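Colleague: Provided below: model.txt, containing compact mmCIF, C-alpha atoms.
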# COMPACT_ATOMS: atom_id res chain seq x y z
CA MET A 1 -59.51 -80.10 179.34
CA LYS A 2 -60.55 -82.63 176.71
CA SER A 3 -64.22 -82.99 175.80
CA LYS A 4 -65.67 -86.32 176.87
CA LEU A 5 -68.36 -88.59 175.51
CA PHE A 6 -69.64 -91.20 177.93
CA ILE A 7 -70.85 -94.48 176.44
CA MET A 8 -73.64 -95.94 178.58
CA LEU A 9 -75.03 -99.46 178.18
CA LYS A 10 -76.66 -100.25 181.52
CA SER A 11 -80.18 -99.53 182.72
CA PRO A 12 -80.50 -96.84 185.43
CA HIS A 13 -81.47 -99.62 187.83
CA GLU A 14 -78.04 -101.26 187.59
CA PHE A 15 -75.93 -98.19 186.80
CA THR A 16 -73.65 -96.95 189.57
CA GLY A 17 -71.28 -94.58 187.75
CA MET A 18 -73.05 -91.21 188.05
CA ASP A 19 -70.67 -89.78 190.65
CA LEU A 20 -67.70 -90.93 188.56
CA MET A 21 -69.12 -89.18 185.50
CA LYS A 22 -69.61 -85.95 187.43
CA SER A 23 -66.11 -86.16 188.84
CA ILE A 24 -64.17 -86.84 185.64
CA GLY A 25 -66.41 -84.63 183.51
CA ASP A 26 -66.25 -81.63 185.80
CA GLY A 27 -65.32 -78.46 183.92
CA SER A 28 -65.19 -80.05 180.47
CA ASN A 29 -67.62 -80.35 177.59
CA THR A 30 -69.42 -83.63 178.24
CA ALA A 31 -72.17 -85.74 176.72
CA ALA A 32 -73.54 -89.25 177.03
CA ILE A 33 -74.83 -91.70 174.42
CA LEU A 34 -77.40 -94.18 175.70
CA PHE A 35 -77.20 -97.65 174.14
CA GLU A 36 -79.16 -100.80 174.96
CA ASP A 37 -80.93 -100.66 178.37
CA ALA A 38 -79.37 -97.27 179.14
CA VAL A 39 -82.15 -95.77 176.97
CA ILE A 40 -84.41 -96.31 179.99
CA PHE A 41 -82.86 -93.10 181.39
CA ALA A 42 -84.90 -91.27 178.74
CA ALA A 43 -88.16 -92.83 179.93
CA ASN A 44 -87.62 -92.22 183.63
CA ALA A 45 -87.86 -88.53 184.53
CA LYS A 46 -86.14 -88.89 187.91
CA LYS A 47 -83.18 -90.86 186.55
CA GLY A 48 -83.12 -88.76 183.39
CA LYS A 49 -82.78 -85.53 185.39
CA GLU A 50 -79.94 -87.08 187.42
CA LEU A 51 -78.13 -87.85 184.19
CA GLN A 52 -78.86 -84.38 182.83
CA SER A 53 -77.15 -82.90 185.88
CA ALA A 54 -73.99 -84.92 185.15
CA VAL A 55 -73.46 -84.06 181.46
CA LYS A 56 -74.27 -81.20 179.11
CA GLU A 57 -75.94 -83.27 176.34
CA VAL A 58 -77.63 -86.66 176.23
CA TYR A 59 -78.11 -88.68 173.04
CA VAL A 60 -80.36 -91.74 172.75
CA MET A 61 -79.77 -94.50 170.19
CA LYS A 62 -82.88 -94.70 168.02
CA ASP A 63 -82.68 -98.48 167.39
CA ASP A 64 -82.52 -99.34 171.09
CA TRP A 65 -85.14 -96.72 171.96
CA GLU A 66 -87.65 -97.98 169.39
CA ALA A 67 -86.98 -101.63 170.28
CA ARG A 68 -88.25 -101.01 173.81
CA GLY A 69 -91.33 -98.93 172.93
CA LEU A 70 -90.87 -96.60 175.87
CA PRO A 71 -92.34 -93.09 176.30
CA LEU A 72 -89.95 -90.14 176.15
CA ALA A 73 -89.93 -88.45 179.57
CA MET A 74 -86.88 -86.31 178.79
CA PRO A 75 -87.65 -84.12 175.73
CA GLY A 76 -84.19 -82.52 175.96
CA PHE A 77 -82.56 -85.84 175.09
CA LYS A 78 -81.79 -86.18 171.39
CA ILE A 79 -82.65 -89.34 169.46
CA ILE A 80 -79.84 -90.26 167.06
CA ASP A 81 -78.89 -93.01 164.62
CA TYR A 82 -75.57 -94.83 164.18
CA PRO A 83 -74.05 -92.42 161.60
CA GLU A 84 -74.70 -89.55 164.05
CA ALA A 85 -73.13 -91.58 166.86
CA VAL A 86 -70.02 -92.04 164.70
CA ASP A 87 -69.84 -88.27 164.15
CA LEU A 88 -70.01 -87.66 167.90
CA ILE A 89 -67.31 -90.24 168.64
CA MET A 90 -64.91 -89.35 165.82
CA GLU A 91 -65.38 -85.58 165.41
CA ARG A 92 -67.35 -83.84 168.14
CA TYR A 93 -65.70 -85.20 171.28
CA GLU A 94 -62.05 -85.92 171.99
CA GLN A 95 -62.41 -88.90 174.33
CA THR A 96 -64.91 -91.68 174.86
CA ILE A 97 -65.34 -93.29 178.26
CA THR A 98 -67.56 -96.32 178.82
CA VAL A 99 -69.26 -96.23 182.20
CA MET B 1 -57.69 -92.08 157.33
CA LYS B 2 -58.92 -91.77 160.90
CA ASN B 3 -59.33 -95.04 162.77
CA MET B 4 -61.99 -96.04 165.26
CA VAL B 5 -60.90 -98.79 167.62
CA ILE B 6 -63.60 -100.83 169.31
CA GLN B 7 -62.67 -103.04 172.21
CA VAL B 8 -65.43 -105.51 173.01
CA ARG B 9 -65.48 -107.96 175.88
CA THR B 10 -68.93 -109.54 175.61
CA GLY B 11 -69.67 -112.73 173.70
CA THR B 12 -72.10 -113.07 170.84
CA MET B 13 -75.71 -113.70 171.92
CA MET B 14 -75.03 -112.88 175.59
CA ASN B 15 -76.76 -109.52 175.18
CA MET B 16 -76.76 -106.79 172.51
CA ASP B 17 -73.12 -105.66 172.99
CA THR B 18 -71.74 -107.41 169.91
CA ASN B 19 -74.70 -106.14 167.87
CA VAL B 20 -73.92 -102.57 168.97
CA THR B 21 -70.28 -103.21 168.06
CA VAL B 22 -71.19 -104.42 164.59
CA LYS B 23 -73.66 -101.59 163.91
CA LEU B 24 -71.19 -98.95 165.07
CA ALA B 25 -68.43 -100.48 162.96
CA GLN B 26 -70.69 -100.64 159.90
CA ALA B 27 -71.69 -96.98 160.27
CA ALA B 28 -68.06 -95.89 160.72
CA LEU B 29 -66.90 -97.88 157.68
CA ASP B 30 -69.74 -96.43 155.60
CA LYS B 31 -68.58 -92.93 156.58
CA GLY B 32 -65.05 -93.70 155.38
CA TYR B 33 -63.29 -94.30 158.69
CA GLY B 34 -60.97 -97.19 159.33
CA VAL B 35 -62.35 -99.59 161.94
CA ARG B 36 -60.43 -102.04 164.07
CA ILE B 37 -62.09 -104.34 166.56
CA PHE B 38 -60.27 -106.15 169.34
CA GLY B 39 -62.18 -108.96 171.06
CA TYR B 40 -61.23 -109.93 174.57
CA GLY B 41 -62.72 -112.44 177.00
CA GLU B 42 -66.01 -113.88 175.76
CA ALA B 43 -65.86 -111.58 172.71
CA VAL B 44 -63.48 -113.98 171.00
CA THR B 45 -66.64 -115.74 169.78
CA LEU B 46 -67.03 -112.84 167.30
CA ILE B 47 -64.55 -114.45 164.91
CA LYS B 48 -65.67 -118.09 165.27
CA ASN B 49 -66.50 -119.49 161.86
CA GLY B 50 -69.81 -121.27 161.31
CA GLN B 51 -72.03 -119.17 163.59
CA ASP B 52 -75.67 -120.04 162.93
CA PRO B 53 -77.98 -118.40 165.47
CA LYS B 54 -81.69 -119.07 164.95
CA ARG B 55 -83.19 -116.09 166.77
CA PHE B 56 -80.41 -113.51 166.93
CA PRO B 57 -78.59 -111.40 164.36
CA ASN B 58 -75.65 -113.34 162.91
CA VAL B 59 -72.68 -111.18 163.89
CA GLY B 60 -70.31 -113.68 162.27
CA LYS B 61 -71.98 -113.08 158.91
CA GLU B 62 -71.99 -109.31 159.46
CA THR B 63 -68.32 -109.44 160.41
CA LYS B 64 -67.49 -111.29 157.18
CA GLU B 65 -69.29 -108.59 155.17
CA MET B 66 -67.36 -105.83 156.92
CA LEU B 67 -64.00 -107.48 156.22
CA ALA B 68 -64.61 -106.74 152.56
CA LYS B 69 -65.02 -103.05 153.47
CA GLY B 70 -61.66 -102.92 155.26
CA LEU B 71 -62.51 -103.97 158.82
CA GLU B 72 -59.58 -105.37 160.78
CA ILE B 73 -60.54 -107.67 163.62
CA VAL B 74 -58.28 -109.42 166.08
CA VAL B 75 -59.12 -111.43 169.18
CA CYS B 76 -57.04 -112.43 172.17
CA GLU B 77 -55.18 -115.73 171.73
CA THR B 78 -55.06 -116.54 175.45
CA CYS B 79 -58.83 -116.00 175.71
CA CYS B 80 -59.33 -118.30 172.69
CA LYS B 81 -57.17 -121.04 174.17
CA ALA B 82 -59.08 -120.84 177.43
CA ARG B 83 -62.31 -121.45 175.52
CA GLY B 84 -61.00 -124.17 173.19
CA ILE B 85 -61.06 -122.00 170.09
CA HIS B 86 -58.03 -122.75 167.94
CA ARG B 87 -56.39 -121.31 164.85
CA GLY B 88 -58.21 -122.54 161.77
CA GLU B 89 -61.62 -122.06 163.41
CA GLU B 90 -61.69 -118.32 162.82
CA ILE B 91 -63.53 -116.55 160.00
CA GLU B 92 -61.14 -116.12 157.09
CA GLY B 93 -59.57 -112.67 157.22
CA THR B 94 -59.85 -112.33 161.00
CA LYS B 95 -56.91 -112.97 163.32
CA ILE B 96 -56.24 -114.67 166.62
CA GLY B 97 -53.63 -112.29 168.01
CA SER B 98 -52.55 -110.65 171.22
CA LEU B 99 -53.00 -107.69 173.50
CA THR B 100 -49.32 -106.78 173.31
CA ASN B 101 -48.90 -106.92 169.54
CA ASP B 102 -52.33 -106.05 168.21
CA LEU B 103 -54.35 -104.09 170.76
CA SER B 104 -51.35 -101.90 171.51
CA ARG B 105 -50.92 -101.21 167.75
CA PHE B 106 -54.62 -100.44 167.40
CA VAL B 107 -54.48 -97.98 170.30
CA ALA B 108 -51.29 -96.34 169.05
CA GLU B 109 -52.70 -95.85 165.55
CA GLY B 110 -56.33 -95.10 166.44
CA GLU B 111 -57.91 -91.66 166.86
CA ARG B 112 -60.72 -92.86 169.10
CA MET B 113 -61.27 -95.95 171.18
CA VAL B 114 -64.70 -97.18 172.18
CA THR B 115 -65.06 -99.88 174.81
CA ILE B 116 -68.19 -102.02 174.67
CA ALA B 117 -68.23 -103.92 177.96
CA ARG B 118 -70.12 -104.24 181.18
Please lay out the structure from this file as structure tokens.
Modeller:
Amino acid sequence: MKSKLFIMLKSPHEFTGMDLMKSIGDGSNTAAILFEDAVIFAANAKKGKELQSAVKEVYVMKDDWEARGLPLAMPGFKIIDYPEAVDLIMERYEQTITV
Amino acid sequence: MKNMVIQVRTGTMMNMDTNVTVKLAQAALDKGYGVRIFGYGEAVTLIKNGQDPKRFPNVGKETKEMLAKGLEIVVCETCCKARGIHRGEEIEGTKIGSLTNDLSRFVAEGERMVTIAR
């Protein structure tokens, strides 16, 4: 089964795709990159843990994270920059899926 | 050369989607990947010449700079027509094209496709 990288843009308050992520990611190597308001998952322990249960790794875009000045409630989430995001998309995972 | 294809459906200055698109494309080009962007729906505004936002990043200017690095960018002709954007109004080096001819070619020749849309 192909490894999958989920691209997330929406805040946890408007995001409704968690069950879909669990379903299509089941049994494969999965991760999520949080862009824009999706970085709020990293500041909200309850929502962050939900996301952590759906994928194996979570990456947070540094620019969007710093722009919002939020505390990090999920220390397991990794803060990355754009060159690292490119590596994940082009080399580390075989598919990207925007949810 | 490996190609990253970015399909974007959000217009400039609606939210940060086009800024994410531009930053991702810049980083991929700087790492030596080919980058192709296809703009659909409101995202056709990406290639409109003469963008001059006062309080937002100028993605038109950033797009021009990336063309010199090898970026290929095409937007949907039907979406342009619907919005009154006509050939001759696009940034030089960008293209008003089609889903069938251009997006399909991008997908066929690309290693990865990233969709930036809500």
Colleague: Kindly provide, as JSON, numbers by chain, the residues of chain B having any atom no farther than 7 Å from an atom of chain A, counting all atoms listed in the file.
Modeller: {"B": [16, 24, 27, 28, 112, 113, 114, 115]}
Colleague: Can you pull out every residue within 12 Å of B:Asn19, counting all atoms listed in the file, but drop anything in the same chain fewer than 4 positions away, and send it as a ChimeraX atom specification?
Modeller: /A:35-36,63-64,82 /B:8,10-15,23-26,43,46,56-63,116
Colleague: Which value, in Å to one decimal, gives the distance between atom CA of B:Thr94 and atom CA of B:Phe106?
Modeller: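 Distance reported for this atom pair: 14.5 Å.
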Colleague: Atom CA of A:His13 and atom CA of B:Val22 are how many Å apart?
Modeller: 25.9 Å
Colleague: Is there a way to get, as a PyMOL selection string, all residues within 8 Å of the point (-64.6, -76.2, 179.8) in file coordinates, counting only C-alpha atoms?
Modeller: chain A and resi 1+3+27-29
Colleague: With a distance cut-off of 8 Å and all atoms listed in the file, select the neighbouring residues of A:Pro12, excluding the residue or stretch itself and same-chain residues fewer than 5 positions from it, and output the selection as a list in words.
Modeller: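 So the residues in contact are Ala38, Ile40, Phe41 and Lys47 of chain A.
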Colleague: What gap, in Å, lies between atom CA of B:Lys64 and atom CA of B:Ala82?
Modeller: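 These two atoms are separated by 23.9 Å.
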Colleague: Quick one: of B:Gly97, B:Gly39, B:Gly70, B:Gly50, who's nearest to B:Met1, counting all atoms listed in the file?
Modeller: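 Closest to B:Met1, using all atoms listed in the file: B:Gly70.
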Colleague: Give me the residues near A:Asp19 as a JSON list (two decimals) with C-alpha atoms, in the frame of the given file, where near means some atom within 12 Å (using all atoms listed in the file) and where sequence neighbours in that chain fewer than 4 positions away do not count.
Modeller:
[["chain", "number", "residue", "atom", "x", "y", "z"],
["A", 15, "PHE", "CA", -75.93, -98.19, 186.80],
["A", 23, "SER", "CA", -66.11, -86.16, 188.84],
["A", 24, "ILE", "CA", -64.17, -86.84, 185.64],
["A", 25, "GLY", "CA", -66.41, -84.63, 183.51],
["A", 26, "ASP", "CA", -66.25, -81.63, 185.80],
["A", 50, "GLU", "CA", -79.94, -87.08, 187.42],
["A", 51, "LEU", "CA", -78.13, -87.85, 184.19],
["A", 53, "SER", "CA", -77.15, -82.90, 185.88],
["A", 54, "ALA", "CA", -73.99, -84.92, 185.15],
["A", 55, "VAL", "CA", -73.46, -84.06, 181.46],
["A", 99, "VAL", "CA", -69.26, -96.23, 182.20]]
